$ cat coords-v7.tsv   # TSV, C-alpha atoms
chain	number	residue	atom	x	y	z
A	13	MET	CA	21.63	27.68	11.57
A	14	LYS	CA	22.51	27.84	7.92
A	15	LYS	CA	26.20	27.82	8.68
A	16	PHE	CA	25.66	24.91	11.07
A	17	PHE	CA	23.98	22.83	8.38
A	18	ALA	CA	26.55	23.76	5.75
A	19	LEU	CA	29.41	22.69	7.98
A	20	PHE	CA	28.11	19.66	9.82
A	21	ILE	CA	25.42	17.88	7.83
A	22	PRO	CA	27.13	14.94	6.07
A	23	LEU	CA	27.54	15.28	2.34
A	24	ILE	CA	24.88	13.49	0.31
A	25	PHE	CA	26.21	10.81	-2.04
A	26	LEU	CA	24.49	9.90	-5.30
A	27	PHE	CA	25.11	6.26	-6.08
A	28	SER	CA	25.63	5.01	-9.62
A	29	LEU	CA	22.90	3.11	-11.41
A	30	GLY	CA	23.19	-0.14	-13.33
A	31	PHE	CA	20.27	-2.01	-14.84
A	32	SER	CA	21.27	-5.43	-13.54
A	33	GLN	CA	18.41	-5.59	-11.02
A	34	ALA	CA	15.59	-4.14	-13.12
A	35	SER	CA	14.90	-3.43	-16.76
A	36	VAL	CA	15.14	0.10	-18.09
A	37	GLN	CA	11.40	-0.10	-18.82
A	38	ASP	CA	10.73	-0.70	-15.13
A	39	ILE	CA	12.76	2.32	-14.07
A	40	ILE	CA	12.12	5.06	-16.65
A	41	ILE	CA	8.96	7.13	-16.20
A	42	THR	CA	7.51	8.27	-19.54
A	43	PRO	CA	4.62	10.59	-20.46
A	44	THR	CA	1.19	8.96	-20.44
A	45	GLN	CA	-0.59	11.68	-22.39
A	46	LEU	CA	0.12	14.99	-24.07
A	47	SER	CA	0.12	17.99	-21.74
A	48	THR	CA	0.51	21.75	-22.02
A	49	LEU	CA	2.71	21.57	-18.91
A	50	THR	CA	6.37	20.81	-19.59
A	51	ILE	CA	9.36	20.36	-17.31
A	52	LYS	CA	13.06	20.43	-18.14
A	53	LEU	CA	15.66	18.70	-15.95
A	54	TRP	CA	19.43	18.84	-16.41
A	55	THR	CA	22.74	18.76	-14.57
A	56	ASN	CA	25.73	21.10	-14.74
A	57	ARG	CA	27.11	18.88	-17.53
A	58	ALA	CA	25.59	17.48	-20.71
A	59	VAL	CA	23.25	14.48	-20.64
A	60	GLY	CA	25.33	11.30	-20.40
A	61	ALA	CA	28.43	13.12	-19.12
A	62	THR	CA	30.91	11.48	-16.76
A	63	TYR	CA	31.47	12.52	-13.15
A	64	TYR	CA	34.21	11.12	-10.95
A	65	PRO	CA	34.05	10.33	-7.22
A	66	GLY	CA	34.54	13.44	-5.11
A	67	GLU	CA	33.11	15.84	-7.70
A	68	ASN	CA	30.07	18.00	-6.94
A	69	ILE	CA	26.95	17.78	-9.08
A	70	TYR	CA	24.09	20.25	-9.45
A	71	LEU	CA	20.58	19.55	-10.75
A	72	TYR	CA	18.52	22.26	-12.46
A	73	PHE	CA	14.86	22.29	-13.46
A	74	LYS	CA	12.15	24.62	-14.70
A	75	THR	CA	8.51	24.30	-15.73
A	76	SER	CA	6.39	26.05	-18.34
A	77	GLN	CA	3.64	26.71	-15.76
A	78	ASP	CA	3.41	27.13	-12.00
A	79	ALA	CA	3.64	23.55	-10.71
A	80	TYR	CA	4.35	21.09	-7.91
A	81	ILE	CA	7.53	19.07	-8.43
A	82	THR	CA	8.83	15.75	-7.13
A	83	ILE	CA	12.30	14.46	-8.10
A	84	TYR	CA	13.45	10.87	-7.55
A	85	ASP	CA	16.84	9.12	-7.55
A	86	TYR	CA	16.92	5.34	-8.12
A	87	THR	CA	20.22	3.85	-6.95
A	88	THR	CA	22.28	0.93	-8.19
A	89	ASP	CA	21.33	-1.22	-5.20
A	90	GLY	CA	17.60	-0.84	-5.92
A	91	LYS	CA	16.92	1.92	-3.41
A	92	LEU	CA	14.70	4.85	-4.30
A	93	ARG	CA	15.10	8.30	-2.75
A	94	MET	CA	13.04	11.45	-3.06
A	95	ILE	CA	15.62	14.21	-3.42
A	96	PHE	CA	13.13	17.07	-3.95
A	97	PRO	CA	11.36	18.19	-1.83
A	98	ASN	CA	13.73	17.40	1.04
A	99	SER	CA	14.43	18.50	4.61
A	100	PHE	CA	16.36	21.55	3.32
A	101	GLN	CA	13.90	22.48	0.55
A	102	GLN	CA	10.47	21.40	1.80
A	103	ASN	CA	8.29	23.52	-0.49
A	104	ASN	CA	7.85	21.78	-3.85
A	105	PHE	CA	5.79	24.57	-5.46
A	106	VAL	CA	7.71	26.36	-8.22
A	107	ARG	CA	6.97	29.33	-10.48
A	108	ALA	CA	6.80	29.09	-14.26
A	109	ASN	CA	10.01	29.62	-16.26
A	110	ASN	CA	12.17	30.11	-13.15
A	111	VAL	CA	15.31	27.95	-13.00
A	112	TYR	CA	15.66	26.10	-9.69
A	113	VAL	CA	18.77	24.32	-8.45
A	114	ILE	CA	19.44	21.53	-5.98
A	115	PRO	CA	21.40	21.36	-3.78
A	116	ASN	CA	21.03	24.78	-2.18
A	117	PRO	CA	23.89	26.42	-0.20
A	118	ASN	CA	23.03	24.38	2.94
A	119	TYR	CA	24.20	21.04	1.56
A	120	ASN	CA	26.10	19.34	-1.27
A	121	PHE	CA	25.70	16.46	-3.68
A	122	VAL	CA	29.06	14.69	-4.00
A	123	ILE	CA	29.63	11.87	-6.46
A	124	SER	CA	30.58	8.48	-5.02
A	125	GLY	CA	31.11	5.00	-6.47
A	126	PRO	CA	30.68	2.33	-7.54
A	127	ASN	CA	30.99	3.08	-11.25
A	128	GLY	CA	27.84	3.00	-13.34
A	129	ARG	CA	24.90	4.97	-14.65
A	130	GLU	CA	22.75	7.27	-12.49
A	131	VAL	CA	19.20	8.26	-13.42
A	132	ILE	CA	17.25	11.21	-12.02
A	133	GLU	CA	13.51	11.61	-12.75
A	134	ALA	CA	11.11	14.48	-12.14
A	135	ILE	CA	7.30	14.66	-12.23
A	136	ALA	CA	5.34	17.91	-12.31
A	137	SER	CA	1.65	18.73	-11.88
A	138	THR	CA	-0.24	22.02	-11.75
A	139	SER	CA	-2.37	20.73	-8.87
A	140	PRO	CA	-1.21	19.64	-5.40
A	141	GLY	CA	-1.90	16.07	-4.38
A	142	VAL	CA	-1.74	14.60	-7.89
A	143	ILE	CA	1.70	13.11	-7.20
A	144	PRO	CA	1.92	11.07	-3.96
A	145	GLN	CA	4.42	12.55	-1.52
A	146	PRO	CA	6.52	10.36	0.78
A	147	ARG	CA	6.78	11.84	4.24
A	148	ILE	CA	9.89	13.95	4.89
A	149	GLY	CA	11.36	12.41	8.02
A	150	ASN	CA	14.48	12.96	10.10
A	151	GLN	CA	16.84	12.12	7.24
A	152	PRO	CA	17.76	14.85	4.73
A	153	PHE	CA	16.22	12.76	1.94
A	154	SER	CA	13.29	10.36	2.15
A	155	GLU	CA	14.21	6.80	1.27
A	156	ILE	CA	11.20	4.97	-0.18
A	157	PRO	CA	11.24	1.38	1.12
A	158	GLU	CA	9.16	-0.02	-1.77
A	159	GLY	CA	11.88	0.99	-4.25
A	160	LEU	CA	11.09	-0.31	-7.72
A	161	GLY	CA	7.59	-1.32	-6.63
A	162	TYR	CA	6.86	2.31	-5.78
A	163	LEU	CA	7.89	3.39	-9.27
A	164	GLN	CA	5.65	0.74	-10.83
A	165	ASN	CA	2.66	1.90	-8.78
A	166	LEU	CA	3.50	5.52	-9.59
A	167	LYS	CA	3.43	4.80	-13.32
A	168	ILE	CA	-0.04	3.30	-12.96
A	169	ASP	CA	-1.21	6.11	-10.70
A	170	ILE	CA	-0.32	8.92	-13.14
A	171	VAL	CA	-1.94	7.30	-16.20
A	172	GLY	CA	-4.39	9.80	-17.67
A	173	LYS	CA	-3.43	12.53	-15.22
A	174	PRO	CA	-2.22	15.98	-16.40
A	175	VAL	CA	1.41	15.57	-15.43
A	176	ALA	CA	4.74	16.26	-17.11
A	177	VAL	CA	7.83	14.11	-16.67
A	178	ALA	CA	11.55	14.66	-17.30
A	179	THR	CA	14.62	12.46	-17.00
A	180	THR	CA	18.37	12.97	-17.05
A	181	TYR	CA	21.29	10.65	-16.46
A	182	PHE	CA	25.06	10.65	-16.09
A	183	TYR	CA	27.91	8.19	-15.62
A	184	VAL	CA	30.12	7.75	-12.57
A	185	GLY	CA	33.79	6.92	-12.86
A	186	TYR	CA	34.08	6.00	-16.54
A	187	VAL	CA	33.30	7.14	-20.08
A	188	PRO	CA	30.93	4.64	-21.72
A	189	ARG	CA	31.38	3.32	-25.24
A	190	VAL	CA	28.82	4.43	-27.81
A	191	GLY	CA	26.97	3.29	-30.91
A	192	ILE	CA	24.75	5.01	-33.48
A	193	VAL	CA	21.03	4.20	-33.53
A	194	HIS	CA	18.68	5.10	-36.38
A	195	PHE	CA	15.07	5.62	-35.27
A	196	ASP	CA	12.30	5.15	-37.80
A	197	SER	CA	8.52	5.04	-37.55
A	198	GLN	CA	5.40	4.50	-39.58
A	199	PRO	CA	3.90	7.03	-39.92
A	200	PRO	CA	7.03	9.23	-39.86
A	201	LYS	CA	7.43	12.40	-37.81
A	202	ALA	CA	6.62	10.69	-34.53
A	203	SER	CA	7.87	12.40	-31.37
A	204	LEU	CA	10.69	10.32	-29.90
A	205	TYR	CA	11.60	9.93	-26.23
A	206	VAL	CA	14.73	7.93	-25.38
A	207	ASP	CA	15.17	7.02	-21.70
A	208	GLY	CA	12.50	9.59	-20.87
A	209	ILE	CA	14.23	12.45	-22.73
A	210	TYR	CA	12.57	14.12	-25.71
A	211	GLU	CA	14.96	13.90	-28.68
A	212	GLY	CA	12.92	15.21	-31.63
A	213	GLN	CA	10.93	13.61	-34.43
A	214	THR	CA	11.58	10.54	-36.56
A	215	PRO	CA	13.48	9.65	-38.62
A	216	MET	CA	16.73	10.53	-36.85
A	217	ASP	CA	20.12	9.17	-35.80
A	218	LEU	CA	21.33	9.35	-32.20
A	219	GLN	CA	24.64	8.50	-30.58
A	220	LEU	CA	23.87	6.48	-27.45
A	221	GLN	CA	25.89	4.76	-24.76
A	222	ASP	CA	26.14	0.96	-24.74
A	223	GLY	CA	23.55	-0.94	-22.75
A	224	ASP	CA	19.77	-1.08	-22.46
A	225	HIS	CA	17.56	1.85	-23.46
A	226	LEU	CA	13.85	2.63	-23.72
A	227	ALA	CA	12.33	4.40	-26.74
A	228	VAL	CA	8.77	5.74	-26.79
A	229	PHE	CA	7.31	6.85	-30.13
A	230	TRP	CA	4.40	9.32	-29.96
A	231	TYR	CA	2.14	10.24	-32.87
A	232	GLY	CA	-0.76	12.43	-31.81
A	233	THR	CA	-2.37	10.59	-28.89
A	234	TYR	CA	-0.89	7.21	-29.88
A	235	ASN	CA	2.37	5.75	-28.56
A	236	VAL	CA	4.50	2.62	-28.81
A	237	SER	CA	7.36	1.64	-26.46
A	238	LYS	CA	10.49	-0.30	-27.44
A	239	VAL	CA	13.33	-1.63	-25.27
A	240	PHE	CA	16.59	-2.03	-27.18
A	241	LYS	CA	20.27	-2.65	-26.50
A	242	VAL	CA	23.09	-0.55	-27.94
A	243	THR	CA	26.24	-2.38	-29.01
A	244	PRO	CA	29.39	-0.19	-29.08
A	245	ASN	CA	30.83	0.90	-32.43
A	246	THR	CA	27.81	-0.28	-34.44
A	247	TYR	CA	25.00	1.31	-36.48
A	248	GLN	CA	21.59	-0.18	-35.79
A	249	THR	CA	17.94	0.62	-36.47
A	250	VAL	CA	14.99	0.76	-34.07
A	251	SER	CA	11.67	0.91	-35.93
A	252	SER	CA	8.08	1.25	-34.79
A	253	VAL	CA	4.70	0.94	-36.46
A	254	ILE	CA	2.24	3.20	-34.63
A	255	PRO	CA	-1.42	2.15	-34.92
A	256	VAL	CA	-3.14	5.45	-35.74
A	257	LEU	CA	-6.54	6.28	-37.19
A	258	PRO	CA	-6.65	6.79	-40.98
A	259	ASN	CA	-6.13	10.35	-42.15
A	260	TYR	CA	-4.73	11.50	-38.82
A	261	PRO	CA	-3.42	15.02	-39.47
A	262	SER	CA	0.34	15.07	-40.00
A	263	ILE	CA	2.71	17.32	-38.08
A	264	GLN	CA	4.32	20.08	-40.15
A	265	MET	CA	8.07	19.58	-40.41
A	266	PHE	CA	10.73	20.65	-42.92
A	267	PRO	CA	13.41	18.26	-44.25
A	268	VAL	CA	16.81	19.97	-43.93
A	269	ASP	CA	19.85	18.54	-45.74
A	270	PHE	CA	23.27	18.81	-44.08
A	271	ASN	CA	26.34	18.25	-46.24
A	272	THR	CA	29.97	18.63	-45.24
A	273	SER	CA	33.24	18.45	-47.11
A	274	PRO	CA	34.68	16.05	-46.16
A	275	SER	CA	31.65	13.95	-45.17
A	276	GLY	CA	31.29	11.87	-42.00
A	277	ALA	CA	30.88	14.77	-39.56
A	278	MET	CA	28.51	14.57	-36.59
A	279	ILE	CA	25.66	17.11	-36.80
A	280	PHE	CA	24.45	18.49	-33.46
A	281	VAL	CA	21.17	20.46	-33.38
A	282	ASN	CA	20.72	22.49	-30.18
A	283	GLY	CA	23.29	20.24	-28.51
A	284	LYS	CA	21.84	16.89	-29.63
A	285	MET	CA	23.58	14.69	-32.18
A	286	LEU	CA	20.92	13.99	-34.82
A	287	GLY	CA	22.92	12.69	-37.79
A	288	ILE	CA	26.18	12.09	-39.60
A	289	SER	CA	26.78	14.02	-42.83
A	290	PRO	CA	25.44	13.78	-45.41
A	291	CYS	CA	22.04	13.48	-43.73
A	292	THR	CA	18.51	14.86	-43.71
A	293	ILE	CA	17.00	16.04	-40.43
A	294	ASN	CA	13.33	16.98	-40.04
A	295	LEU	CA	12.95	20.26	-38.13
A	296	ASP	CA	10.13	22.57	-37.12
A	297	GLY	CA	10.34	26.13	-38.38
A	298	GLY	CA	12.59	28.28	-36.19
A	299	THR	CA	16.19	29.10	-35.31
A	300	TYR	CA	18.68	26.39	-34.30
A	301	GLU	CA	22.28	26.25	-33.11
A	302	ILE	CA	24.24	23.84	-35.29
A	303	THR	CA	27.53	22.26	-34.16
A	304	ILE	CA	29.56	20.20	-36.63
A	305	VAL	CA	32.20	17.87	-35.19
A	306	LYS	CA	34.69	15.60	-36.97
A	307	PRO	CA	37.84	14.20	-35.34
A	308	ASP	CA	41.01	16.00	-36.46
A	309	TYR	CA	38.95	18.84	-37.99
A	310	ALA	CA	38.01	22.28	-36.67
A	311	THR	CA	34.57	22.36	-35.02
A	312	ILE	CA	31.96	24.64	-36.59
A	313	VAL	CA	29.31	26.35	-34.45
A	314	THR	CA	26.69	28.41	-36.26
A	315	GLN	CA	22.99	29.26	-36.34
A	316	ILE	CA	20.45	28.47	-39.05
A	317	SER	CA	16.87	29.58	-39.63
A	318	VAL	CA	14.44	26.97	-40.92
A	319	ASN	CA	11.27	28.00	-42.71
A	320	ASN	CA	11.14	25.62	-45.67
A	321	THR	CA	12.86	22.62	-47.22
A	322	GLN	CA	16.52	23.66	-47.16
A	323	SER	CA	20.06	22.48	-47.78
A	324	PHE	CA	23.22	23.57	-45.96
A	325	ASN	CA	26.80	22.92	-47.05
A	326	PHE	CA	29.82	23.29	-44.77
A	327	GLN	CA	33.54	23.18	-45.54
A	328	ILE	CA	35.45	21.92	-42.50
A	329	GLN	CA	39.15	22.55	-42.12
A	330	ARG	CA	41.63	19.86	-41.11
A	331	LEU	CA	43.70	20.72	-38.05
A	332	SER	CA	47.47	20.77	-38.38
A	333	PHE	CA	49.46	19.05	-35.61

$ encode --input "coords-v7.tsv" --output "structure tokens"
Amino acid sequence: MKKFFALFIPLIFLFSLGFSQASVQDIIITPTQLSTLTIKLWTNRAVGATYYPGENIYLYFKTSQDAYITIYDYTTDGKLRMIFPNSFQQNNFVRANNVYVIPNPNYNFVISGPNGREVIEAIASTSPGVIPQPRIGNQPFSEIPEGLGYLQNLKIDIVGKPVAVATTYFYVGYVPRVGIVHFDSQPPKASLYVDGIYEGQTPMDLQLQDGDHLAVFWYGTYNVSKVFKVTPNTYQTVSSVIPVLPNYPSIQMFPVDFNTSPSGAMIFVNGKMLGISPCTINLDGGTYEITIVKPDYATIVTQISVNNTQSFNFQIQRLSF
């Protein structure tokens, strides 16, 4: 039977997503409260990578606790599909810290057009029944007729519930143009989610693709949402004032200075671009992988340990052509 499915079930196509029919705020699911449960969701390429029609894509996820998982795909024509669980993988219970992959060997995900942006979202809960489950029918994946309306009801339904959410996205058929966005908040050191993805704590700089985006600033139990538009080849600021109680305890972070010679290099921390040298990045104590990238110069990849206010200086070498 497995060979039969692998050979004869039609390949599943993931359609590209544009935000022409709904705002990014309508589509992106964001955390509604802090939770000890976490979920990570990623593809076999970096967030925001480009896939071309005919290429295979793989989705990976893991949770910090045993949990029940539902993963959705919202398509460019406004259709919503539940891609996990599905007719091939019907059990949505997963074990903590195990990495799971979809598709499994019985089927494939193959990229198809039209060009655009595709968003995948996952919701996790430690209890069954917290997340409503569309019925798995005769089709490999359940299409949810309510589409965007279902997502809106889902957002309301999970408010105050102990769930974790995760989002990833990629582009089909083209490499998008980018701009630099500076995120700031009052008070500082707010946890920042952009398009449902945790990026770190404010203030920070991020390189983002052109188009509409959703930022959510969290400070303790307080949060503020902002929709903003990225214009290519520009530097812009998105700021938020978070209404918190006086004397709310601050979150311990260390300011770390990054300097390069020459300046103007992109600083990646654990794979995320957080600034352009010279810059100061607020980091928790711990070990980080640092990647330093500047066009026409050799890339530096190294590790640093952060346990106090620190400064790092890097000499980058120009490439000879």

$ closest_residue --input "coords-v7.tsv" --among "A:Val122, A:Ile254, A:Leu71, A:Val111" --to "Thr180 (chain A)" --atoms "all atoms listed in the file"
A:Leu71

$ residues_around --input "coords-v7.tsv" --residues "Ile114 (chain A)" --least-positions-apart "6" --cutoff "9 Å" --atoms "all atoms listed in the file" --output "PyMOL selection string"
chain A and resi 69-73+95-96+101+120-121

$ closest_residue --input "coords-v7.tsv" --among "A:Lys241, A:Lys52, A:Arg107, A:Lys284" --to "Gly191 (chain A)" --atoms "only C-alpha atoms"
A:Lys241

$ atom_distance --input "coords-v7.tsv" --atom1 "CA of Tyr183 (chain A)" --atom2 "CA of Tyr205 (chain A)"
19.5 Å

$ residues_around --input "coords-v7.tsv" --residues "Lys238 (chain A)" --least-positions-apart "5" --cutoff "9 Å" --atoms "only C-alpha atoms" --output "ChimeraX atom specification"
/A:37,225-229,250-252

$ residues_around --input "coords-v7.tsv" --residues "Ala58 (chain A)" --least-positions-apart "3" --cutoff "9 Å" --atoms "all atoms listed in the file" --output "list of chain:residue names"
A:Trp54, A:Thr55, A:Ala61, A:Thr62, A:Phe182, A:Gly283

$ residues_around --input "coords-v7.tsv" --residues "Val131 (chain A)" --least-positions-apart "5" --cutoff "8 Å" --atoms "all atoms listed in the file" --output "PDB file with C-alpha atoms, in the frame of the given file"
ATOM      1  CA  LEU A  29      22.900   3.110 -11.410  1.00  0.00           C
ATOM      2  CA  ASP A  85      16.840   9.120  -7.550  1.00  0.00           C
ATOM      3  CA  TYR A  86      16.920   5.340  -8.120  1.00  0.00           C
ATOM      4  CA  THR A  87      20.220   3.850  -6.950  1.00  0.00           C
ATOM      5  CA  THR A 179      14.620  12.460 -17.000  1.00  0.00           C
ATOM      6  CA  THR A 180      18.370  12.970 -17.050  1.00  0.00           C
ATOM      7  CA  TYR A 181      21.290  10.650 -16.460  1.00  0.00           C
ATOM      8  CA  PHE A 182      25.060  10.650 -16.090  1.00  0.00           C
TER       9      PHE A 182
END

$ atom_distance --input "coords-v7.tsv" --atom1 "CA of Thr243 (chain A)" --atom2 "CA of Gln221 (chain A)"
8.3 Å

$ atom_distance --input "coords-v7.tsv" --atom1 "CA of Tyr231 (chain A)" --atom2 "CA of Thr42 (chain A)"
14.5 Å

$ closest_residue --input "coords-v7.tsv" --among "A:Pro126, A:Glu301, A:Pro244, A:Gln327" --to "Gln315 (chain A)" --atoms "all atoms listed in the file"
A:Glu301

$ residues_near_point --input "coords-v7.tsv" --point "(13.0, 28.5, -32.5)" --cutoff "12 Å" --atoms "only C-alpha atoms" --output "number ranges by chain"
A: 281-282, 295-301, 315-319

$ closest_atom_pairs --input "coords-v7.tsv" --of "region 20-129 of chain A" --to "region 151-160 of chain A" --cutoff "6 Å" --atoms "all atoms listed in the file" --output "Markdown table"
| residue | atom | partner | partner_atom | distance |
| --- | --- | --- | --- | --- |
| A:Lys91 | CA | A:Gly159 | CA | 5.2 |
| A:Leu92 | CA | A:Gly159 | CA | 4.8 |
| A:Arg93 | CA | A:Glu155 | CA | 4.4 |
| A:Met94 | CA | A:Ser154 | CA | 5.3 |
| A:Ile95 | CA | A:Phe153 | CA | 5.6 |
| A:Asn98 | CA | A:Phe153 | CA | 5.3 |
| A:Ser99 | CA | A:Pro152 | CA | 4.9 |

$ axis_aligned_box --input "coords-v7.tsv" --around "region 271-274 of chain A" --padding-each-side "6 Å" --output "AutoDock Vina command-line options"
--center_x 30.5 --center_y 17.3 --center_z -46.2 --size_x 20.3 --size_y 14.6 --size_z 13.9

$ closest_residue --input "coords-v7.tsv" --among "A:Ile192, A:Ala277, A:Leu220, A:Met265" --to "Gln248 (chain A)" --atoms "all atoms listed in the file"
A:Ile192

$ closest_residue --input "coords-v7.tsv" --among "A:Phe324, A:Tyr63, A:Tyr80, A:Phe195" --to "Ser139 (chain A)" --atoms "only C-alpha atoms"
A:Tyr80
